[in-house]
Amino acid sequence: MSETGIIDGKAFASTLCGEIARKVGKLKAEKNITPGLAVVLVGNDPASEVYVKNKARQTREAGMNSFEFRLPATIGEAELLAKVQSLNLNPEVHGILVQLPLPKHINESVIINAVDPKKDVDGFHVINAGKLATGQEGFVPCTPLGCLMLLKATLDLPGKHAVIIGRSNIVGKPMAQLLLRENCTVTVAHSKTKDLPAIVKQADIVVAAVGKPEMVKGSWLKQGAVVIDVGINRVNGKLVGDVDFGSCQGIAAAITPVPGGVGPMTIACLLENTLRAATA
Ligand code: NDP
């Protein structure tokens, strides 16, 4: 039984944020441009409040401008659209993020697709999703981008079989596109997949983005698989991933912890995308 390495997303993200802060300093000094990120929060979902607070704090720590807009849950779609459009036109705002989920009476895809694709630092706009799918340069969603960085730092990707569990537009699908681009052989599993453990057994790389606490067991893995756990689940006041971390010890070659794995990379990639938007 060989020891399982911990993929330290927190340390990786901290190095990345340091590099971003240095580039922001240079951009200010040489071109007098301060990258600006606008975050729009509708309603007061407690998890979203925490995410928005952390994003704003880290944006400022990187030397960027953070513009926060807290809007009531009762806001109408037209009013929210007008807010997005005003941010599209604001030259101080280089990146726009509308925190999801939105209240039920608002059509999320209408709002997402109202963001100027050049300011769509979340990479959710249909134009950016299309660019990713067709191999063109655009904004890539932050969570799968962060997962890719961690994977690239851990192993050689070409020819590896990656099994992604989950097919959301935010994580699973863009993750599949990114790994295809890196010449992996990609299998995407979902809730209708039959015999998931047998499919996971074939994987050199497992990316779990399901939202089911500790669903993926160590016994499902091939010896030496690399595991990226995207899941964030709160169980009895404690954060756990979609992977049963303990049972992977000695089987996985390396695994991301929860917390301290993918989560910090998501925010670092958001800052990276905002810097790119400001320099485009
Ligand atoms: P979604 O709920 O949008 O998607 C979940 C996916 O998992 C769906 O494709 C679903 O299949 C699939 N699924 C559900 N149950 C099973 C099952 N029993 N077997 C196989 N597949 C299943 O979630 P997200 O992609 O938005 O998020 C996934 C997880 O990642 C969550 O825990 C979320 O909190 C976390 N997350 C973490 C981030 C971070 O920064 N670390 C960022 C974003 C998300 P189907 O399509 O058939 O319904």
# chains A, B, ... in the order shown; residues from 1 in each chain; ligands from 1
>>> residues_around(residues="Ile199 of chain A", least_positions_apart="6", cutoff="12 Å", atoms="only C-alpha atoms", output="ChimeraX atom specification")
/A:161-165,186-190,193,205-206,216,220-222
>>> select_by_dssp(residues="segment 67-181 of chain A", states="strand (DSSP E)", output="ChimeraX atom specification")
/A:67-71,95-98,161-165
>>> closest_atom_pairs(of="chain A", to="ligand 1", cutoff="9 Å", atoms="only C-alpha atoms and all ligand atoms", output="CSV")
residue,atom,partner,partner_atom_place_in_ligand_line,distance
A:Cys142,CA,ligand 1,40 (O),7.9
A:Thr143,CA,ligand 1,40 (O),5.3
A:Pro144,CA,ligand 1,42 (C),8.3
A:Gly146,CA,ligand 1,40 (O),8.6
A:Ile165,CA,ligand 1,21 (N),5.5
A:Gly166,CA,ligand 1,6 (C),3.6
A:Arg167,CA,ligand 1,9 (O),3.7
A:Ser168,CA,ligand 1,25 (O),4.5
A:Asn169,CA,ligand 1,25 (O),7.0
A:Ile170,CA,ligand 1,25 (O),5.7
A:Val171,CA,ligand 1,25 (O),4.8
A:Gly172,CA,ligand 1,25 (O),5.9
A:Lys173,CA,ligand 1,9 (O),8.7
A:Val188,CA,ligand 1,9 (O),8.9
A:Ala189,CA,ligand 1,21 (N),5.9
A:His190,CA,ligand 1,21 (N),3.5
A:Ser191,CA,ligand 1,22 (C),3.7
A:Lys192,CA,ligand 1,47 (O),5.5
A:Thr193,CA,ligand 1,20 (C),6.4
A:Lys194,CA,ligand 1,19 (N),8.8
A:Leu196,CA,ligand 1,20 (C),7.0
A:Ala208,CA,ligand 1,29 (C),7.5
A:Ala209,CA,ligand 1,28 (C),4.0
A:Val210,CA,ligand 1,7 (O),3.6
A:Gly211,CA,ligand 1,32 (O),3.2
A:Lys212,CA,ligand 1,32 (O),6.5
A:Pro213,CA,ligand 1,32 (O),7.7
A:Met215,CA,ligand 1,18 (N),7.7
A:Asp229,CA,ligand 1,41 (N),7.9
A:Val230,CA,ligand 1,30 (O),4.7
A:Gly231,CA,ligand 1,32 (O),3.5
A:Ile232,CA,ligand 1,32 (O),4.2
A:Asn233,CA,ligand 1,32 (O),5.5
A:Val240,CA,ligand 1,32 (O),8.9
A:Gly241,CA,ligand 1,32 (O),6.9
A:Asp242,CA,ligand 1,32 (O),6.7
A:Val258,CA,ligand 1,41 (N),8.4
A:Pro259,CA,ligand 1,41 (N),8.4
A:Gly261,CA,ligand 1,41 (N),7.6
A:Val262,CA,ligand 1,41 (N),4.8
A:Gly263,CA,ligand 1,41 (N),3.8
A:Pro264,CA,ligand 1,40 (O),7.0
A:Met265,CA,ligand 1,40 (O),7.2
A:Thr266,CA,ligand 1,40 (O),4.9
A:Ile267,CA,ligand 1,40 (O),7.5
>>> select_by_dssp(residues="segment 56-129 of chain A", states="helix (DSSP H, G or I)", output="count of residues only")
31
>>> residues_around(residues="Val84 of chain A", least_positions_apart="3", cutoff="7 Å", atoms="only C-alpha atoms", output="NGL selection string")
:A and (80-81 or 87-88 or 114-115)
>>> residues_around(residues="Ala252 of chain A", least_positions_apart="4", cutoff="7 Å", atoms="only C-alpha atoms", output="ChimeraX atom specification")
/A:4,223-227,248
